[in-house]
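Have a look at final-v7.tsv; it's TSV, C-alpha atoms:
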```tsv
chain	number	residue	atom	x	y	z
W	1	MET	CA	114.38	52.97	89.86
W	2	PRO	CA	115.24	56.60	88.98
W	3	ILE	CA	118.42	57.08	86.96
W	4	ARG	CA	119.96	59.35	89.62
W	5	GLN	CA	119.63	56.58	92.24
W	6	LYS	CA	121.01	54.02	89.82
W	7	VAL	CA	124.13	56.06	89.12
W	8	PHE	CA	124.69	56.78	92.82
W	9	PHE	CA	124.43	53.17	93.96
W	10	LEU	CA	126.35	51.84	90.99
W	11	THR	CA	129.22	54.20	91.83
W	12	ILE	CA	129.29	52.99	95.42
W	13	ALA	CA	129.18	49.32	94.39
W	14	LEU	CA	132.01	49.81	91.91
W	15	LEU	CA	134.14	51.65	94.49
W	16	LEU	CA	133.57	48.73	96.87
W	17	LEU	CA	134.71	46.25	94.24
W	18	VAL	CA	137.80	48.30	93.42
W	19	ALA	CA	138.66	48.52	97.13
W	20	ILE	CA	138.33	44.75	97.51
W	21	ILE	CA	140.49	43.97	94.50
W	22	GLU	CA	143.07	46.50	95.60
W	23	LEU	CA	143.21	44.93	99.08
W	24	ILE	CA	143.78	41.49	97.59
W	25	ARG	CA	146.42	42.86	95.24
W	26	ARG	CA	148.32	44.43	98.15
W	27	ARG	CA	148.03	41.18	100.12
W	28	ARG	CA	146.02	42.94	102.81
W	29	LEU	CA	143.13	40.52	102.34
W	30	ARG	CA	143.65	36.80	102.02
W	31	VAL	CA	142.34	35.37	98.78
W	32	GLU	CA	140.26	32.71	100.52
W	33	TYR	CA	138.26	35.37	102.36
W	34	SER	CA	137.84	37.62	99.35
W	35	TRP	CA	135.36	35.63	97.24
W	36	LEU	CA	132.62	36.50	99.71
W	37	TRP	CA	133.30	40.22	99.37
W	38	ILE	CA	133.50	40.06	95.60
W	39	ALA	CA	130.24	38.14	95.54
W	40	SER	CA	128.63	40.82	97.73
W	41	GLY	CA	129.80	43.60	95.42
W	42	VAL	CA	128.59	41.78	92.32
W	43	THR	CA	125.20	41.05	93.90
W	44	ILE	CA	124.67	44.75	94.57
W	45	ILE	CA	125.51	45.66	91.00
W	46	VAL	CA	123.22	42.96	89.58
W	47	LEU	CA	120.33	44.14	91.76
W	48	ILE	CA	120.84	47.75	90.64
W	49	LEU	CA	120.94	46.88	86.95
W	50	ARG	CA	118.14	44.31	87.11
W	51	TYR	CA	115.70	45.88	89.58
W	52	GLU	CA	112.90	43.52	88.47
W	53	LEU	CA	114.92	40.67	90.01
W	54	LEU	CA	114.55	42.29	93.42
W	55	ILE	CA	110.81	42.65	92.87
W	56	GLN	CA	110.58	38.96	91.94
W	57	ILE	CA	112.40	38.01	95.14
W	58	THR	CA	110.09	40.28	97.14
W	59	VAL	CA	107.05	38.50	95.72
W	60	ALA	CA	108.65	35.10	96.24
W	61	VAL	CA	109.33	35.63	99.96
W	62	GLY	CA	105.95	37.32	100.47
W	63	ALA	CA	107.30	40.75	101.42
W	64	VAL	CA	105.32	43.88	100.56
W	65	VAL	CA	107.97	46.39	99.52
W	66	PRO	CA	111.41	45.76	97.96
W	67	THR	CA	113.10	47.84	100.67
W	68	SER	CA	112.13	45.37	103.37
W	69	THR	CA	113.50	42.54	101.22
W	70	ILE	CA	116.79	44.39	100.97
W	71	PHE	CA	116.94	45.14	104.70
W	72	PHE	CA	115.99	41.62	105.65
W	73	PHE	CA	118.67	40.01	103.54
W	74	CYS	CA	121.28	42.58	104.58
W	75	ILE	CA	120.67	41.85	108.26
W	76	LEU	CA	120.66	38.11	107.64
W	77	TYR	CA	123.90	38.46	105.71
W	78	LEU	CA	125.57	40.46	108.50
W	79	ALA	CA	124.39	38.01	111.14
W	80	LEU	CA	125.82	35.05	109.23
W	81	LEU	CA	129.00	37.00	108.65
W	82	SER	CA	129.54	37.63	112.38
W	83	LEU	CA	128.72	34.00	113.14
W	84	ASN	CA	131.43	33.08	110.67
W	85	TYR	CA	133.84	35.46	112.39
W	86	SER	CA	133.05	33.86	115.75
W	87	VAL	CA	133.93	30.47	114.33
W	88	ARG	CA	137.21	31.84	112.99
W	89	LEU	CA	137.98	33.57	116.30
W	90	THR	CA	137.43	30.30	118.13
W	91	GLU	CA	139.89	28.61	115.83
W	92	LEU	CA	142.40	31.44	116.24
W	93	THR	CA	142.04	31.32	120.03
W	94	ARG	CA	142.81	27.61	119.98
W	95	GLN	CA	145.82	28.19	117.76
W	96	VAL	CA	147.17	30.97	120.01
W	97	LYS	CA	146.71	28.74	123.05
W	98	GLU	CA	148.58	25.87	121.45
W	99	LEU	CA	151.38	28.13	120.28
W	100	ALA	CA	151.75	29.59	123.77
W	101	GLN	CA	151.88	26.11	125.28
W	102	GLU	CA	154.42	25.02	122.69
W	103	ILE	CA	156.60	28.02	123.56
W	104	ALA	CA	156.43	27.11	127.26
W	105	LEU	CA	157.36	23.50	126.52
W	106	LEU	CA	160.22	24.42	124.18
W	107	ARG	CA	161.63	26.90	126.71
W	108	ALA	CA	161.58	24.18	129.36
W	109	GLU	CA	163.32	21.76	127.02
W	110	GLU	CA	165.98	24.35	126.24
W	111	ALA	CA	166.59	24.99	129.92
W	112	ARG	CA	167.54	21.37	130.54
W	113	PRO	CA	169.46	19.99	127.56
W	114	GLN	CA	170.78	17.04	129.54
W	115	ARG	CA	167.42	15.31	129.24
W	116	PRO	CA	167.67	12.70	126.47
W	117	ASP	CA	165.56	13.53	123.45
W	118	ARG	CA	162.68	11.13	123.36
W	119	GLY	CA	161.80	11.99	119.79
W	120	GLY	CA	158.12	12.72	120.41
W	121	SER	CA	155.78	12.00	117.55
W	122	HIS	CA	155.08	14.96	115.31
W	123	SER	CA	151.83	14.06	113.67
V	1	MET	CA	153.93	-3.27	137.05
V	2	SER	CA	157.62	-3.44	137.87
V	3	THR	CA	158.57	0.08	138.92
V	4	PRO	CA	155.83	2.47	139.98
V	5	LEU	CA	155.26	5.47	137.72
V	6	PRO	CA	157.09	8.62	138.82
V	7	VAL	CA	154.95	11.52	139.98
V	8	LEU	CA	154.99	15.02	138.54
V	9	ILE	CA	153.33	17.73	140.61
V	10	VAL	CA	151.98	20.49	138.38
V	11	ILE	CA	151.44	23.87	140.02
V	12	PRO	CA	149.61	26.43	137.89
V	13	ALA	CA	150.74	29.82	139.14
V	14	TRP	CA	149.53	33.27	138.26
V	15	ASN	CA	151.25	36.01	140.24
V	16	GLU	CA	152.11	33.59	143.04
V	17	ALA	CA	155.73	34.62	143.58
V	18	ALA	CA	155.04	35.38	147.24
V	19	ASN	CA	153.57	31.94	147.97
V	20	LEU	CA	155.68	29.61	145.85
V	21	ALA	CA	158.66	29.21	148.17
V	22	ALA	CA	156.49	28.03	151.07
V	23	VAL	CA	154.43	25.70	148.88
V	24	VAL	CA	157.45	24.13	147.17
V	25	THR	CA	159.47	23.76	150.38
V	26	GLU	CA	156.60	22.02	152.08
V	27	LEU	CA	155.99	19.76	149.08
V	28	ARG	CA	159.67	18.77	148.90
V	29	ALA	CA	159.77	17.96	152.59
V	30	SER	CA	156.74	15.72	152.29
V	31	ARG	CA	157.42	14.25	148.83
V	32	PRO	CA	161.15	14.32	148.11
V	33	HIS	CA	161.02	11.98	145.08
V	34	ASP	CA	158.38	13.79	143.04
V	35	GLY	CA	159.14	16.21	140.23
V	36	ILE	CA	157.63	19.68	140.49
V	37	ALA	CA	156.65	21.71	137.44
V	38	ILE	CA	155.46	25.27	137.88
V	39	VAL	CA	153.39	26.71	135.08
V	40	ASP	CA	153.77	30.47	135.04
V	41	ASP	CA	150.50	31.61	133.49
V	42	GLY	CA	151.75	34.93	132.17
V	43	SER	CA	152.46	36.40	135.60
V	44	LEU	CA	153.44	40.03	136.00
V	45	ASP	CA	155.42	39.39	139.18
V	46	ALA	CA	158.55	37.30	139.76
V	47	THR	CA	156.79	33.90	139.61
V	48	SER	CA	159.17	32.59	136.94
V	49	GLU	CA	162.31	33.74	138.72
V	50	GLU	CA	161.00	32.22	141.92
V	51	ALA	CA	160.32	28.88	140.21
V	52	ARG	CA	163.81	28.86	138.73
V	53	ARG	CA	165.41	29.81	142.02
V	54	LEU	CA	163.61	26.92	143.71
V	55	GLY	CA	164.96	24.55	141.05
V	56	CYS	CA	161.56	23.49	139.70
V	57	VAL	CA	160.78	22.75	136.08
V	58	LEU	CA	159.49	26.05	134.72
V	59	LEU	CA	156.80	26.14	132.05
V	60	ARG	CA	156.38	29.79	131.23
V	61	LEU	CA	153.37	30.79	129.15
V	62	PRO	CA	154.00	34.04	127.27
V	63	LEU	CA	150.38	35.13	127.83
V	64	HIS	CA	147.87	34.87	130.63
V	65	LEU	CA	145.54	32.15	129.36
V	66	GLY	CA	143.81	30.95	132.51
V	67	TYR	CA	143.91	28.06	134.94
V	68	GLY	CA	142.70	25.40	132.50
V	69	VAL	CA	145.30	26.18	129.86
V	70	ALA	CA	148.04	26.29	132.50
V	71	VAL	CA	147.07	22.86	133.84
V	72	GLN	CA	146.91	21.47	130.32
V	73	THR	CA	150.42	22.80	129.64
V	74	GLY	CA	151.70	20.83	132.62
V	75	ILE	CA	149.91	17.71	131.38
V	76	LYS	CA	151.44	18.10	127.93
V	77	TYR	CA	154.87	18.40	129.53
V	78	ALA	CA	154.29	15.22	131.53
V	79	LEU	CA	153.18	13.32	128.43
V	80	ARG	CA	156.32	14.34	126.55
V	81	ALA	CA	158.56	13.46	129.45
V	82	GLY	CA	157.21	9.92	129.44
V	83	ASP	CA	154.81	7.92	131.61
V	84	ARG	CA	154.01	9.79	134.78
V	85	ILE	CA	151.27	10.38	137.28
V	86	VAL	CA	150.30	14.05	137.24
V	87	VAL	CA	149.11	15.74	140.41
V	88	THR	CA	147.57	19.19	140.04
V	89	PHE	CA	148.29	21.32	143.08
V	90	ASP	CA	147.39	24.94	143.79
V	91	GLY	CA	150.19	27.47	144.16
V	92	ASP	CA	148.49	29.53	146.84
V	93	GLY	CA	149.03	27.18	149.76
V	94	GLN	CA	145.45	25.94	150.12
V	95	HIS	CA	146.38	22.32	149.41
V	96	ASP	CA	148.14	20.13	151.94
V	97	PRO	CA	151.02	17.98	150.59
V	98	ALA	CA	150.00	15.24	153.01
V	99	GLU	CA	146.85	14.65	150.94
V	100	VAL	CA	148.76	13.85	147.74
V	101	GLU	CA	149.72	10.32	148.68
V	102	ALA	CA	146.14	9.00	148.87
V	103	LEU	CA	145.41	10.36	145.39
V	104	VAL	CA	148.60	8.93	143.89
V	105	ALA	CA	147.84	5.59	145.51
V	106	ALA	CA	144.35	5.60	143.98
V	107	VAL	CA	145.82	6.11	140.51
V	108	ARG	CA	148.41	3.40	141.09
V	109	GLU	CA	145.54	1.10	142.02
V	110	GLY	CA	143.92	1.67	138.64
V	111	ALA	CA	141.92	4.92	138.81
V	112	ASP	CA	142.39	7.36	135.94
V	113	VAL	CA	141.34	10.42	137.90
V	114	ALA	CA	141.49	10.81	141.68
V	115	VAL	CA	139.87	13.95	143.09
V	116	GLY	CA	140.66	15.36	146.52
V	117	SER	CA	137.35	16.24	148.13
V	118	ARG	CA	136.92	18.81	150.87
V	119	PHE	CA	133.59	17.29	151.84
V	120	LEU	CA	134.73	13.76	152.47
V	121	SER	CA	137.35	14.88	154.94
V	122	ALA	CA	136.87	14.99	158.67
V	123	ALA	CA	137.90	18.61	159.02
V	124	SER	CA	135.04	20.25	157.19
V	125	TYR	CA	135.58	23.02	154.72
V	126	ARG	CA	132.62	25.31	154.42
V	127	GLY	CA	133.11	28.35	152.22
V	128	GLY	CA	130.46	31.02	151.76
V	129	PRO	CA	126.83	30.11	151.14
V	130	SER	CA	126.97	31.12	147.46
V	131	ARG	CA	129.98	28.93	146.79
V	132	ARG	CA	128.39	26.02	148.60
V	133	THR	CA	125.17	26.44	146.62
V	134	GLY	CA	127.10	26.68	143.36
V	135	ARG	CA	129.09	23.58	144.14
V	136	TRP	CA	125.95	21.69	145.07
V	137	VAL	CA	124.25	22.70	141.79
V	138	PHE	CA	127.26	21.62	139.72
V	139	SER	CA	127.52	18.40	141.60
V	140	GLN	CA	123.83	17.62	141.00
V	141	LEU	CA	124.06	18.61	137.34
V	142	ALA	CA	127.19	16.63	136.69
V	143	GLY	CA	125.50	13.72	138.41
V	144	ALA	CA	122.35	14.03	136.33
V	145	LEU	CA	124.28	14.34	133.08
V	146	THR	CA	126.77	11.57	133.61
V	147	GLY	CA	125.72	9.39	136.46
V	148	ILE	CA	128.75	10.25	138.59
V	149	ARG	CA	128.21	11.38	142.14
V	150	LEU	CA	131.03	13.59	143.29
V	151	THR	CA	130.93	15.62	146.46
V	152	ASP	CA	133.50	18.16	145.29
V	153	PRO	CA	133.68	18.41	141.49
V	154	THR	CA	135.41	21.81	141.51
V	155	SER	CA	138.41	20.68	143.53
V	156	GLY	CA	141.78	21.69	142.08
V	157	LEU	CA	143.64	18.85	143.78
V	158	LYS	CA	143.64	15.87	141.44
V	159	ALA	CA	145.85	12.99	140.40
V	160	LEU	CA	145.71	11.92	136.76
V	161	GLY	CA	146.85	8.69	135.19
V	162	PRO	CA	148.23	8.45	131.64
V	163	ARG	CA	144.83	7.85	130.01
V	164	ALA	CA	143.33	10.92	131.68
V	165	GLN	CA	146.38	12.96	130.64
V	166	SER	CA	145.96	11.99	126.98
V	167	LEU	CA	142.28	12.97	127.11
V	168	PHE	CA	142.97	16.28	128.86
V	169	ALA	CA	145.78	17.15	126.45
V	170	SER	CA	143.38	16.84	123.50
V	171	THR	CA	141.31	19.65	121.99
V	172	ARG	CA	138.24	18.23	123.76
V	173	PHE	CA	139.55	19.53	127.10
V	174	PRO	CA	137.24	22.34	128.32
V	175	ASP	CA	140.10	24.70	129.15
V	176	ARG	CA	137.93	27.68	130.07
V	177	PHE	CA	135.93	25.77	132.67
V	178	PRO	CA	138.06	22.81	133.60
V	179	ASP	CA	136.70	21.89	137.03
V	180	ALA	CA	133.53	19.89	136.73
V	181	ASP	CA	133.50	19.76	132.96
V	182	ALA	CA	136.76	17.89	132.70
V	183	LEU	CA	135.31	15.25	135.01
V	184	VAL	CA	132.18	14.97	132.88
V	185	LEU	CA	134.41	14.53	129.85
V	186	ALA	CA	136.50	11.91	131.64
V	187	ARG	CA	133.40	10.04	132.68
V	188	ARG	CA	132.06	9.98	129.15
V	189	ALA	CA	135.38	8.62	127.93
V	190	ARG	CA	134.77	5.78	130.40
V	191	LEU	CA	137.67	6.72	132.65
V	192	VAL	CA	137.63	5.59	136.24
V	193	ILE	CA	137.07	8.52	138.62
V	194	VAL	CA	137.40	8.21	142.37
V	195	GLU	CA	137.27	10.64	145.28
V	196	ARG	CA	139.48	10.71	148.31
V	197	PRO	CA	139.08	12.94	151.34
V	198	ALA	CA	141.43	15.92	151.37
V	199	CYS	CA	141.41	18.65	153.91
V	200	MET	CA	142.14	22.14	152.60
V	201	ARG	CA	143.27	25.30	154.23
V	202	ARG	CA	142.27	28.85	153.76
V	203	SER	CA	144.50	30.23	151.06
V	204	GLN	CA	147.00	32.88	151.99
V	205	ASN	CA	146.57	35.19	149.07
V	206	ARG	CA	143.56	34.38	147.02
V	207	HIS	CA	142.50	36.28	143.94
V	208	SER	CA	139.32	34.31	143.66
V	209	MET	CA	137.83	33.70	140.26
V	210	HIS	CA	134.41	33.10	141.79
V	211	GLY	CA	133.65	36.50	143.26
V	212	GLY	CA	131.33	39.45	142.58
V	213	TYR	CA	129.43	40.04	139.36
V	214	ARG	CA	131.71	37.67	137.51
V	215	ALA	CA	130.25	34.78	139.44
V	216	VAL	CA	127.00	35.05	137.48
V	217	ALA	CA	128.75	35.01	134.10
V	218	TYR	CA	131.04	32.25	135.26
V	219	THR	CA	128.16	30.12	136.44
V	220	PHE	CA	126.27	30.54	133.19
V	221	ASN	CA	129.30	29.77	131.05
V	222	MET	CA	130.20	26.81	133.16
V	223	LEU	CA	126.71	25.35	132.86
V	224	LEU	CA	126.89	25.76	129.10
V	225	SER	CA	130.32	24.20	129.01
V	226	LEU	CA	129.03	21.34	131.13
V	227	LEU	CA	126.32	20.67	128.56
V	228	VAL	CA	128.90	20.75	125.78
V	229	ALA	CA	131.13	18.34	127.64
V	230	ALA	CA	128.17	16.05	128.13
V	231	SER	CA	127.20	16.16	124.47
V	232	GLY	CA	128.84	14.89	121.36
V	233	ARG	CA	129.52	11.35	120.35
V	234	GLU	CA	131.27	9.06	122.76
V	235	SER	CA	133.11	7.38	119.93
V	236	ASP	CA	135.03	10.62	119.41
V	237	LEU	CA	136.50	10.29	122.86
V	238	ARG	CA	138.09	6.94	122.48
V	239	GLY	CA	141.01	5.66	120.49
```
Can you dump the structure from the file as structure tokens?
Amino acid sequence: MPIRQKVFFLTIALLLLVAIIELIRRRRLRVEYSWLWIASGVTIIVLILRYELLIQITVAVGAVVPTSTIFFFCILYLALLSLNYSVRLTELTRQVKELAQEIALLRAEEARPQRPDRGGSHS
Amino acid sequence: MSTPLPVLIVIPAWNEAANLAAVVTELRASRPHDGIAIVDDGSLDATSEEARRLGCVLLRLPLHLGYGVAVQTGIKYALRAGDRIVVTFDGDGQHDPAEVEALVAAVREGADVAVGSRFLSAASYRGGPSRRTGRWVFSQLAGALTGIRLTDPTSGLKALGPRAQSLFASTRFPDRFPDADALVLARRARLVIVERPACMRRSQNRHSMHGGYRAVAYTFNMLLSLLVAASGRESDLRG
């Protein structure tokens, strides 16, 4: 890997890491979601510094050129990431629905205070 | 059974301000002892004001979340208010209050879910050919998946006993596609489902959810949802 390429990609990877850490520090990114991004940044740096590792992976999966290894894993990574977002969106949708229903029920309760409180179970 | 369970009629309403007065007045005349809860599903018109003016229980959702979520809100209200029979009733005037009694009676006699069917009634409801085909397909599929034979699985007129309410208030309830799928779910939870004839009218002001290009997407999603409802372990549904 030519030195010019190495410097260029290393700079980008480091900027990415700094951005991630800064986002966590400013509480813009929740800590539990951040390990994935830090891991991604570190992986890029490791692959730049130890290019032979990428070649070993390429041989291991039976690919011909390292670039296709990179592209394959990037696409796989993005696909898994969006699958993960879908799962989270589903959960968020359910939470929004339940909050909306709770608001409707609380408003109704407020509107008729004469109804005796049955002390529903809060599990 | 000493005193019979009181009945709560749940009317999911989305922009139905114009129809509510007629529907509620007619219901009250025919069923003076039943409670009426109107679920305002994020309407942009005066649905909530209308419900309040008519003296109904108002459950106002802050967002438009769809028919299934609205119905489930009414069920949750009924569960918190204590033991009740829930009747789901459309706010657009297509259901006839006279048909409610047979459904309530079926639940009192031990059914968990009683469905009002347009096809068992003497006065036949037809609908367009695409709707009829769709209903037939769902009916066949639901039958194949669960062993229930229902003539009208997409009917919105239903009476629910306490066990069905608990099931439909849970996260297992298919709130995006509640018609046939909820019945599949109920069947798998070993609830007793019966059908009673119910004649329906043409609705006065229908913003149909089964029209145009959306029908294709709806059908596909509903089939998928049906498969989901029919899958999963039965043990999860009980207890």
Counting only C-alpha atoms, collect the residues of chain V whose closest atom lies at most 9 Å from chain W, and write them out as a list in words.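 Result: Val39, Asp40, Val57, Leu58, Leu59, Arg60, Leu61, Pro62, Leu63, Leu65, Val69, Ala70, Gln72, Thr73, Gly74, Lys76, Tyr77, Arg80, Ala81, Gly82 and Thr171 of chain V.
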How many Å separate CA of Tyr218 in chain V from CA of Phe177 in chain V? 8.5 Å
Quick one: residues within 12 Å of (129.7, 41.1, 97.5) (file frame), counting all atoms listed in the file, please, as a ChimeraX atom specification. /W:13-21,33-47,74,77-78,81
What is the CA of Leu27 in chain V to CA of Val100 in chain V distance in Å? 9.4 Å
Is there a way to get, as a PyMOL selection string, all residues within 12 Å of the point (146.8, 21.1, 135.8) in file coordinates, counting all atoms listed in the file? chain V and resi 8-13+36-41+59+66-78+85-91+155-160+164-165+168-169+173+175+178-179+182
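Distances from V:Val24, V:Leu44, V:Leu79, V:Val115 to Ala198 in chain V were compared using all atoms listed in the file, and the smallest one belongs to V:Val115.
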CA of Pro174 in chain V and CA of Ala229 in chain V, how far apart in Å?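 Between CA of Ala229 in chain V and CA of Pro174 in chain V the gap is 7.3 Å.
Closest approach to Gln56 in chain W among W:Leu29, W:Leu76, W:Met1, W:Thr69: W:Thr69, based on all atoms listed in the file.
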Which is closest to Asn19 in chain V among V:Gly93, V:Asp45, V:Glu99, V:Arg53, if we use all atoms listed in the file? V:Gly93
Just checking: using all atoms listed in the file, which residue out of V:Asp34, V:Leu223, V:Asp181, V:Gly161 ends up closest to Glu109 in chain V?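 Residue with the minimum atom-to-atom distance to Glu109 in chain V: V:Gly161.
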Export range 54-95 of chain W, C-alpha atoms, as a PDB file, in the first residue's frame; it's the structure right above.
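Result file follows (result10.pdb):
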```
ATOM      1  CA  LEU W  54      -6.601  -7.877   4.611  1.00  0.00           C
ATOM      2  CA  ILE W  55      -4.718 -10.075   2.144  1.00  0.00           C
ATOM      3  CA  GLN W  56      -4.995 -13.021   4.546  1.00  0.00           C
ATOM      4  CA  ILE W  57      -8.748 -12.489   4.828  1.00  0.00           C
ATOM      5  CA  THR W  58      -9.003 -12.259   1.038  1.00  0.00           C
ATOM      6  CA  VAL W  59      -7.271 -15.625   0.684  1.00  0.00           C
ATOM      7  CA  ALA W  60      -9.364 -17.128   3.475  1.00  0.00           C
ATOM      8  CA  VAL W  61     -12.716 -16.220   1.885  1.00  0.00           C
ATOM      9  CA  GLY W  62     -11.475 -17.162  -1.588  1.00  0.00           C
ATOM     10  CA  ALA W  63     -11.685 -13.674  -3.110  1.00  0.00           C
ATOM     11  CA  VAL W  64      -9.258 -12.639  -5.837  1.00  0.00           C
ATOM     12  CA  VAL W  65      -8.443  -9.015  -5.017  1.00  0.00           C
ATOM     13  CA  PRO W  66      -8.437  -7.251  -1.615  1.00  0.00           C
ATOM     14  CA  THR W  67     -10.751  -4.534  -2.945  1.00  0.00           C
ATOM     15  CA  SER W  68     -13.597  -6.987  -3.435  1.00  0.00           C
ATOM     16  CA  THR W  69     -13.061  -8.249   0.120  1.00  0.00           C
ATOM     17  CA  ILE W  70     -13.373  -4.696   1.377  1.00  0.00           C
ATOM     18  CA  PHE W  71     -16.488  -3.975  -0.690  1.00  0.00           C
ATOM     19  CA  PHE W  72     -18.127  -7.235   0.257  1.00  0.00           C
ATOM     20  CA  PHE W  73     -17.681  -6.721   3.971  1.00  0.00           C
ATOM     21  CA  CYS W  74     -18.685  -3.050   3.756  1.00  0.00           C
ATOM     22  CA  ILE W  75     -21.960  -3.947   2.050  1.00  0.00           C
ATOM     23  CA  LEU W  76     -22.597  -6.779   4.488  1.00  0.00           C
ATOM     24  CA  TYR W  77     -21.881  -4.415   7.363  1.00  0.00           C
ATOM     25  CA  LEU W  78     -24.285  -1.765   6.022  1.00  0.00           C
ATOM     26  CA  ALA W  79     -26.996  -4.347   5.415  1.00  0.00           C
ATOM     27  CA  LEU W  80     -26.730  -5.656   8.973  1.00  0.00           C
ATOM     28  CA  LEU W  81     -26.692  -2.107  10.254  1.00  0.00           C
ATOM     29  CA  SER W  82     -29.970  -1.226   8.515  1.00  0.00           C
ATOM     30  CA  LEU W  83     -31.517  -4.478   9.702  1.00  0.00           C
ATOM     31  CA  ASN W  84     -30.552  -3.432  13.196  1.00  0.00           C
ATOM     32  CA  TYR W  85     -32.141  -0.022  12.643  1.00  0.00           C
ATOM     33  CA  SER W  86     -35.350  -1.694  11.471  1.00  0.00           C
ATOM     34  CA  VAL W  87     -35.470  -3.692  14.680  1.00  0.00           C
ATOM     35  CA  ARG W  88     -34.974  -0.526  16.720  1.00  0.00           C
ATOM     36  CA  LEU W  89     -37.611   1.334  14.690  1.00  0.00           C
ATOM     37  CA  THR W  90     -40.080  -1.456  15.351  1.00  0.00           C
ATOM     38  CA  GLU W  91     -39.430  -1.156  19.046  1.00  0.00           C
ATOM     39  CA  LEU W  92     -39.747   2.637  18.914  1.00  0.00           C
ATOM     40  CA  THR W  93     -43.015   2.372  16.979  1.00  0.00           C
ATOM     41  CA  ARG W  94     -44.414   0.087  19.654  1.00  0.00           C
ATOM     42  CA  GLN W  95     -43.294   2.465  22.370  1.00  0.00           C
TER      43      GLN W  95
END
```
